[in-house]
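A.B. asks: Quick one: the structure is below, questions incoming.
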Amino acid sequence: MELIETKIKGLVVIQPKVFEDARGYFFEPYNKKVLAGIGINDDFQQDNQSMSQKGVLRGLHFQNPPHAQSKLVRVIQGAVWDVAVDIRKNSPTYGQYYGLELNEKNKTILYIPEGFAHGFKTLEDDTVFLYKCSALYNKAAEDSIYWNDPDIGIPWDIKDPILSEKDKTAKLFKDFKSQF
């Protein structure tokens, strides 16, 4: 695995080594020992999988402490533009985002530590997205920030995404009080 640090401390892009031949391919999307070697020691508790059509936007979601989650995210089928926003109030990159394309061809994985809001926009129909989470889902701890918040300024490049009711009414970043 190639581990690539981003401009935001703790947020890591993981490019697995893919073995391809006439039969297809093989790779390890998760290797606890390799990740522990760079200080990622999360005890992942739950996997979530979603399927979305092109133009769906999910996020910006997170769970507050004590149920905060770190995540390993990747695309199994299709493609997304994936975004993580630093919501750690004492971080020098508080309120900044990092985005990249995750797709079935590049097999790129993003490690998102606790203290980040996360979202993605689907670029293809029938996109299958996998989240490996370090804590079990807790409805009382879930929270979200408005996907198109002007203070964060994520260039989603979409005018009318398909949103959940929760995402349509999420709070603005200026009204958000971080618990991280």
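By order of appearance in the structure tokens: chains A, B, ..., then residues from 1 within every chain, and ligands from 1 in the order shown.
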So which residues touch stretch 38-54 of chain A within 8 Å, counting only C-alpha atoms, skipping near sequence neighbours fewer than 2 positions away, as a list in words?

C.D. replies: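 Skipping anything fewer than 2 positions along the chain leaves Lys32, Val34, Leu35, Ala36, Val56, Ser70, Lys121, Thr122, Leu123, Glu124, Asp125, Asp126, Thr127, Val128, Phe129, Leu130, Tyr131, Lys132, Cys133, Ser134, Ala135 and Leu136 of chain A.
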
A.B. asks: Pick out each residue of stretch 8-177 of chain A that DSSP on the backbone tags as strand (DSSP E or B); I need them as a ChimeraX atom specification.

C.D. replies: /A:12-15,19-21,24-26,46-52,56-63,71-77,79-86,97-103,109-112,116-122,127-133,142-145,162,171

A.B. asks: Restricting the calculation to only C-alpha atoms, which member of A:Asp82, A:Glu101, A:Asp157, A:Asp167 is positioned closest to A:Asp143?

C.D. replies: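 Closest to A:Asp143, using only C-alpha atoms: A:Asp167.
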
A.B. asks: Which parts of stretch 24-173 of chain A does DSSP call helix (DSSP H, G or I) when run on the backbone here, written out as a list in words?

C.D. replies: Lys32, Lys33, Val34, Leu35, Ala36, Lys139, Ala140, Ala141, Glu165, Lys166, Asp167, Lys168 and Phe173 of chain A

A.B. asks: For the residues selected in the previous step, produce a file with N, CA, C and O atoms as an mmCIF file, in the first residue's frame.

C.D. replies:
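Wrote selection.cif, looks like this:
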```
data_model
loop_
_atom_site.group_PDB
_atom_site.id
_atom_site.type_symbol
_atom_site.label_atom_id
_atom_site.label_comp_id
_atom_site.auth_asym_id
_atom_site.auth_seq_id
_atom_site.Cartn_x
_atom_site.Cartn_y
_atom_site.Cartn_z
ATOM 1 N N LYS A 32 -4.688 -4.318 8.712
ATOM 2 C CA LYS A 32 -4.523 -3.712 10.039
ATOM 3 C C LYS A 32 -3.054 -3.454 10.374
ATOM 4 O O LYS A 32 -2.706 -2.391 10.899
ATOM 5 N N LYS A 33 -2.172 -4.392 10.050
ATOM 6 C CA LYS A 33 -0.758 -4.260 10.381
ATOM 7 C C LYS A 33 -0.106 -3.108 9.614
ATOM 8 O O LYS A 33 0.642 -2.315 10.190
ATOM 9 N N VAL A 34 -0.393 -2.990 8.329
ATOM 10 C CA VAL A 34 0.177 -1.911 7.521
ATOM 11 C C VAL A 34 -0.294 -0.552 8.041
ATOM 12 O O VAL A 34 0.496 0.377 8.217
ATOM 13 N N LEU A 35 -1.589 -0.440 8.312
ATOM 14 C CA LEU A 35 -2.113 0.826 8.807
ATOM 15 C C LEU A 35 -1.567 1.157 10.196
ATOM 16 O O LEU A 35 -1.250 2.312 10.485
ATOM 17 N N ALA A 36 -1.407 0.158 11.042
ATOM 18 C CA ALA A 36 -0.836 0.387 12.372
ATOM 19 C C ALA A 36 0.585 0.928 12.252
ATOM 20 O O ALA A 36 1.027 1.718 13.096
ATOM 21 N N LYS A 139 -27.820 7.028 16.462
ATOM 22 C CA LYS A 139 -28.693 8.070 15.913
ATOM 23 C C LYS A 139 -28.621 9.374 16.704
ATOM 24 O O LYS A 139 -28.605 10.465 16.128
ATOM 25 N N ALA A 140 -28.557 9.289 18.025
ATOM 26 C CA ALA A 140 -28.511 10.496 18.862
ATOM 27 C C ALA A 140 -27.232 11.308 18.642
ATOM 28 O O ALA A 140 -27.207 12.511 18.908
ATOM 29 N N ALA A 141 -26.167 10.667 18.145
ATOM 30 C CA ALA A 141 -24.886 11.342 17.937
ATOM 31 C C ALA A 141 -24.712 11.879 16.524
ATOM 32 O O ALA A 141 -23.769 12.619 16.258
ATOM 33 N N GLU A 165 -33.807 14.484 2.925
ATOM 34 C CA GLU A 165 -34.430 15.573 3.682
ATOM 35 C C GLU A 165 -33.472 16.101 4.742
ATOM 36 O O GLU A 165 -33.387 17.303 4.981
ATOM 37 N N LYS A 166 -32.730 15.196 5.382
ATOM 38 C CA LYS A 166 -31.761 15.590 6.412
ATOM 39 C C LYS A 166 -30.698 16.522 5.829
ATOM 40 O O LYS A 166 -30.337 17.528 6.441
ATOM 41 N N ASP A 167 -30.224 16.220 4.628
ATOM 42 C CA ASP A 167 -29.170 17.041 4.026
ATOM 43 C C ASP A 167 -29.692 18.388 3.538
ATOM 44 O O ASP A 167 -28.951 19.362 3.492
ATOM 45 N N LYS A 168 -30.968 18.454 3.199
ATOM 46 C CA LYS A 168 -31.567 19.721 2.765
ATOM 47 C C LYS A 168 -31.667 20.716 3.922
ATOM 48 O O LYS A 168 -31.699 21.923 3.693
ATOM 49 N N PHE A 173 -22.184 26.114 8.574
ATOM 50 C CA PHE A 173 -20.938 26.016 9.324
ATOM 51 C C PHE A 173 -20.831 27.122 10.367
ATOM 52 O O PHE A 173 -20.371 26.885 11.479
#
```

A.B. asks: Using only C-alpha atoms, pick whichever of A:Pro113, A:Ser144, A:Asn90, A:Lys105 has the shortest atom-to-atom distance to A:Val18.

C.D. replies: A:Lys105

A.B. asks: Just want the 6 Å neighbourhood of A:His118, counted on only C-alpha atoms, with same-chain residues fewer than 2 positions away dropped. Output as a list in words.

C.D. replies: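 Close residues of A:His118: Gly59, Leu60, His61, Val83 and Ala84 of chain A.
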
A.B. asks: Name the residues in contact with stretch 96-100 of chain A at a cut-off of 8 Å, using only C-alpha atoms, excluding same-chain residues fewer than 3 positions from it; report them as a ChimeraX atom specification.

C.D. replies: /A:6-8,81-86,93,152,154

A.B. asks: Those selected residues, please, written with N, CA and C atoms and delivered as a PDB file, in the first residue's frame.

C.D. replies:
```
ATOM      1  N   THR A   6      -2.135  14.070   3.266  1.00  0.00           N
ATOM      2  CA  THR A   6      -2.794  15.194   2.610  1.00  0.00           C
ATOM      3  C   THR A   6      -2.387  16.488   3.299  1.00  0.00           C
ATOM      4  N   LYS A   7      -2.922  17.602   2.821  1.00  0.00           N
ATOM      5  CA  LYS A   7      -2.627  18.903   3.433  1.00  0.00           C
ATOM      6  C   LYS A   7      -3.279  19.053   4.801  1.00  0.00           C
ATOM      7  N   ILE A   8      -4.186  18.129   5.138  1.00  0.00           N
ATOM      8  CA  ILE A   8      -4.875  18.170   6.429  1.00  0.00           C
ATOM      9  C   ILE A   8      -4.363  17.020   7.293  1.00  0.00           C
ATOM     10  N   TRP A  81     -16.975  11.936  -6.198  1.00  0.00           N
ATOM     11  CA  TRP A  81     -16.058  12.957  -5.733  1.00  0.00           C
ATOM     12  C   TRP A  81     -16.281  13.003  -4.238  1.00  0.00           C
ATOM     13  N   ASP A  82     -15.254  12.637  -3.473  1.00  0.00           N
ATOM     14  CA  ASP A  82     -15.350  12.453  -2.033  1.00  0.00           C
ATOM     15  C   ASP A  82     -14.698  13.635  -1.317  1.00  0.00           C
ATOM     16  N   VAL A  83     -15.319  14.065  -0.212  1.00  0.00           N
ATOM     17  CA  VAL A  83     -14.849  15.251   0.499  1.00  0.00           C
ATOM     18  C   VAL A  83     -14.865  15.003   2.007  1.00  0.00           C
ATOM     19  N   ALA A  84     -13.808  15.454   2.679  1.00  0.00           N
ATOM     20  CA  ALA A  84     -13.748  15.457   4.141  1.00  0.00           C
ATOM     21  C   ALA A  84     -13.451  16.882   4.591  1.00  0.00           C
ATOM     22  N   VAL A  85     -14.185  17.342   5.614  1.00  0.00           N
ATOM     23  CA  VAL A  85     -14.019  18.697   6.154  1.00  0.00           C
ATOM     24  C   VAL A  85     -13.530  18.586   7.595  1.00  0.00           C
ATOM     25  N   ASP A  86     -12.450  19.274   7.900  1.00  0.00           N
ATOM     26  CA  ASP A  86     -11.875  19.273   9.247  1.00  0.00           C
ATOM     27  C   ASP A  86     -12.787  20.066  10.187  1.00  0.00           C
ATOM     28  N   THR A  93      -6.280  23.607  10.411  1.00  0.00           N
ATOM     29  CA  THR A  93      -7.031  23.492   9.158  1.00  0.00           C
ATOM     30  C   THR A  93      -8.541  23.387   9.408  1.00  0.00           C
ATOM     31  N   ILE A 152     -17.416  27.147   3.725  1.00  0.00           N
ATOM     32  CA  ILE A 152     -16.486  26.055   3.424  1.00  0.00           C
ATOM     33  C   ILE A 152     -16.087  26.120   1.953  1.00  0.00           C
ATOM     34  N   ILE A 154     -16.943  24.269  -0.910  1.00  0.00           N
ATOM     35  CA  ILE A 154     -16.601  23.065  -1.676  1.00  0.00           C
ATOM     36  C   ILE A 154     -17.126  23.219  -3.106  1.00  0.00           C
TER      37      ILE A 154
END
```

A.B. asks: Restricting the calculation to only C-alpha atoms: of A:Leu172, A:Ile112, A:Ala117, A:Leu163, which residue gets closest to A:Glu5?

C.D. replies: A:Ile112

A.B. asks: Which is closest to A:Gly78 among A:Glu104, A:Gly95, A:Lys159, A:Asp21, if we use only C-alpha atoms?

C.D. replies: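 Checking each candidate against A:Gly78, we get A:Glu104 as the closest.
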